[in-house]
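Here the structure comes first, spelled out in structure tokens, and everything after it is commentary.
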Amino acid sequence: MSAKGLKAFTLIEMLVVVLIIGILAAIAWPQYQKAILKSKIVPRLLNLKSFKDGLEMAYLTLGRYPNYQEMKSYIDIPGCPPTDNGILMCDDGYALYNYNFTNVSVSVNLFKEKGNYEGGNRMSYKINLDNRPTDPGKKACGGSDAIAKKVCESLL
């Protein structure tokens, strides 16, 4: 068998293919990270909405926002029992919900698994209560992680 009949890719062709794959991966990776982060954040924001709605219901019933003891009878987020200081720490360790009579907020802490710390308070999302004197219902984002903050701002 002679070498003339064999056809193969040249080194240059292989390098071009690897380069193209590398460029595509570099473009796709940040979008993938955002999608994963968003999938962890969105359920917490739904819980935050339930938290806020419970406080607004208490306001309609009591004529004022409830104190921390009264809050327990208006808030029901499975796996996130209220404490005596207006904080709900969820069993999975991902979210910390906070109530301070003018706004409600969630600090999303991301873990690889329960108890395995990955990055601390990467993002916080705050919603002002509807009957607050200034900026009722205003939403705001904060946090230390730039990607998480961008994801948060896309959800405003």
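In the structure tokens, each chain is lettered A, B, ... as it comes, each chain's residues begin at 1, and ligands are numbered from 1 in order of appearance.
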
Residue contacts of A:Ser105 (8 Å, only C-alpha atoms) excluding same-chain residues fewer than 5 positions away, as a PDB file with C-alpha atoms, in the first residue's frame:
ATOM      1  CA  LEU A  48     -39.384  36.328  48.771  1.00  0.00           C
ATOM      2  CA  TYR A  97     -34.876  36.159  54.157  1.00  0.00           C
ATOM      3  CA  ASN A  98     -34.978  39.319  56.239  1.00  0.00           C
ATOM      4  CA  TYR A  99     -37.763  41.689  57.290  1.00  0.00           C
ATOM      5  CA  SER A 124     -29.002  40.228  47.708  1.00  0.00           C
ATOM      6  CA  TYR A 125     -32.379  41.252  46.327  1.00  0.00           C
ATOM      7  CA  LYS A 126     -34.542  43.768  48.202  1.00  0.00           C
ATOM      8  CA  ILE A 127     -38.188  44.769  47.764  1.00  0.00           C
TER       9      ILE A 127
END

Subject >> Residue neighbourhood stretch 152-154 of chain A, 10 Å, only C-alpha atoms, exclusion window fewer than 6 positions, as JSON, numbers by chain >> reply: {"A": [37, 38, 41, 42, 45, 123, 124, 125, 139, 140, 141, 142, 143, 146]}

Output of the above residues as an mmCIF file, in the first residue's frame, restricted to C-alpha atoms:
data_model
loop_
_atom_site.group_PDB
_atom_site.id
_atom_site.type_symbol
_atom_site.label_atom_id
_atom_site.label_comp_id
_atom_site.auth_asym_id
_atom_site.auth_seq_id
_atom_site.Cartn_x
_atom_site.Cartn_y
_atom_site.Cartn_z
ATOM 1 C CA LEU A 37 -27.011 30.868 38.779
ATOM 2 C CA LYS A 38 -30.453 32.004 37.629
ATOM 3 C CA ILE A 41 -31.868 32.356 42.413
ATOM 4 C CA VAL A 42 -35.373 32.298 40.893
ATOM 5 C CA LEU A 45 -37.202 35.197 44.636
ATOM 6 C CA MET A 123 -26.290 38.361 45.855
ATOM 7 C CA SER A 124 -29.002 40.228 47.708
ATOM 8 C CA TYR A 125 -32.379 41.252 46.327
ATOM 9 C CA LYS A 139 -36.703 46.685 44.043
ATOM 10 C CA ALA A 140 -32.919 46.725 44.283
ATOM 11 C CA CYS A 141 -29.971 44.382 43.865
ATOM 12 C CA GLY A 142 -26.686 44.164 45.694
ATOM 13 C CA GLY A 143 -23.948 41.689 46.433
ATOM 14 C CA ALA A 146 -20.538 40.574 39.500
#

**OP:** Run DSSP on the backbone and give me the residues of chain A it puts in strand (DSSP E or B), as JSON, numbers by chain.
**Re:** {"A": [82, 87, 88, 89, 95, 96, 97, 98, 99, 103, 104, 105, 106, 107, 108, 109, 110, 111, 112, 113, 116, 117, 118, 119, 120, 121, 122, 123, 124, 125, 126, 127, 128, 139, 140, 141, 142]}

Using only N, CA and C atoms, please write the residues we just selected to a file, as a compact mmCIF listing (two decimals), in the first residue's frame.
# COMPACT_ATOMS: atom_id res chain seq x y z
N PRO A 82 -39.67 31.05 60.44
CA PRO A 82 -39.28 32.37 60.93
C PRO A 82 -38.61 32.28 62.30
N ILE A 87 -35.97 36.93 60.62
CA ILE A 87 -35.14 36.26 59.62
C ILE A 87 -35.67 34.85 59.40
N LEU A 88 -35.65 34.43 58.15
CA LEU A 88 -35.98 33.05 57.80
C LEU A 88 -34.73 32.44 57.18
N MET A 89 -34.17 31.44 57.82
CA MET A 89 -33.02 30.73 57.27
C MET A 89 -33.52 29.39 56.77
N ALA A 95 -30.70 30.38 51.25
CA ALA A 95 -31.28 31.72 51.30
C ALA A 95 -31.54 32.18 52.73
N LEU A 96 -31.40 33.46 52.91
CA LEU A 96 -31.69 34.10 54.19
C LEU A 96 -32.65 35.24 53.89
N TYR A 97 -33.87 35.14 54.39
CA TYR A 97 -34.88 36.16 54.16
C TYR A 97 -34.93 37.07 55.38
N ASN A 98 -35.04 38.36 55.15
CA ASN A 98 -34.98 39.32 56.24
C ASN A 98 -36.10 40.34 56.11
N TYR A 99 -36.67 40.73 57.25
CA TYR A 99 -37.76 41.69 57.29
C TYR A 99 -37.40 42.77 58.30
N ASN A 103 -38.74 47.01 54.38
CA ASN A 103 -38.51 46.20 53.19
C ASN A 103 -38.28 44.75 53.57
N VAL A 104 -38.36 43.91 52.57
CA VAL A 104 -37.99 42.51 52.74
C VAL A 104 -36.84 42.26 51.78
N SER A 105 -35.95 41.37 52.16
CA SER A 105 -34.83 41.08 51.28
C SER A 105 -34.47 39.62 51.37
N VAL A 106 -33.81 39.16 50.34
CA VAL A 106 -33.26 37.81 50.36
C VAL A 106 -31.78 37.93 50.02
N SER A 107 -30.97 37.28 50.82
CA SER A 107 -29.55 37.13 50.51
C SER A 107 -29.37 35.70 50.06
N VAL A 108 -28.94 35.54 48.84
CA VAL A 108 -28.77 34.20 48.29
C VAL A 108 -27.33 33.76 48.51
N ASN A 109 -27.17 32.70 49.26
CA ASN A 109 -25.86 32.12 49.53
C ASN A 109 -25.79 30.82 48.74
N LEU A 110 -24.76 30.66 47.95
CA LEU A 110 -24.69 29.49 47.10
C LEU A 110 -23.71 28.47 47.67
N PHE A 111 -24.16 27.25 47.74
CA PHE A 111 -23.36 26.15 48.25
C PHE A 111 -23.35 25.04 47.21
N LYS A 112 -22.26 24.28 47.16
CA LYS A 112 -22.23 23.12 46.27
C LYS A 112 -23.21 22.08 46.77
N GLU A 113 -23.27 21.92 48.06
CA GLU A 113 -24.24 21.05 48.71
C GLU A 113 -24.42 21.59 50.11
N ASN A 116 -21.56 22.93 52.43
CA ASN A 116 -20.30 23.03 51.69
C ASN A 116 -20.22 24.43 51.08
N TYR A 117 -19.55 25.33 51.77
CA TYR A 117 -19.51 26.74 51.42
C TYR A 117 -18.86 26.97 50.06
N GLU A 118 -19.53 27.77 49.23
CA GLU A 118 -19.00 28.06 47.89
C GLU A 118 -18.67 29.52 47.68
N GLY A 119 -19.33 30.42 48.36
CA GLY A 119 -19.03 31.81 48.03
C GLY A 119 -19.74 32.83 48.87
N GLY A 120 -20.42 32.42 49.90
CA GLY A 120 -21.04 33.38 50.81
C GLY A 120 -22.18 34.15 50.18
N ASN A 121 -22.41 35.33 50.68
CA ASN A 121 -23.51 36.17 50.22
C ASN A 121 -23.16 36.75 48.86
N ARG A 122 -23.45 36.01 47.84
CA ARG A 122 -23.09 36.44 46.50
C ARG A 122 -24.05 37.48 45.94
N MET A 123 -25.31 37.46 46.42
CA MET A 123 -26.29 38.36 45.86
C MET A 123 -27.36 38.67 46.88
N SER A 124 -27.84 39.89 46.90
CA SER A 124 -29.00 40.23 47.71
C SER A 124 -30.01 40.95 46.82
N TYR A 125 -31.28 40.69 47.10
CA TYR A 125 -32.38 41.25 46.33
C TYR A 125 -33.35 41.83 47.35
N LYS A 126 -33.70 43.10 47.22
CA LYS A 126 -34.54 43.77 48.20
C LYS A 126 -35.79 44.32 47.53
N ILE A 127 -36.93 44.18 48.22
CA ILE A 127 -38.19 44.77 47.76
C ILE A 127 -38.75 45.59 48.91
N ASN A 128 -39.00 46.86 48.67
CA ASN A 128 -39.64 47.70 49.69
C ASN A 128 -41.09 47.28 49.85
N LYS A 139 -37.56 47.87 44.00
CA LYS A 139 -36.70 46.68 44.04
C LYS A 139 -35.26 47.10 43.80
N ALA A 140 -34.34 46.40 44.44
CA ALA A 140 -32.92 46.72 44.28
C ALA A 140 -32.07 45.47 44.43
N CYS A 141 -30.92 45.49 43.80
CA CYS A 141 -29.97 44.38 43.86
C CYS A 141 -28.68 44.83 44.52
N GLY A 142 -28.00 43.90 45.12
CA GLY A 142 -26.69 44.16 45.69
C GLY A 142 -25.92 42.86 45.75

Original post:
Suppose you want the space between atom CA of A:Pro78 and atom CA of A:Ile36; what is it in Å?
Top reply: 22.8 Å

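Distance-wise, atom CA of A:Gly54 and atom CA of A:Arg132 end up 15.2 Å apart.
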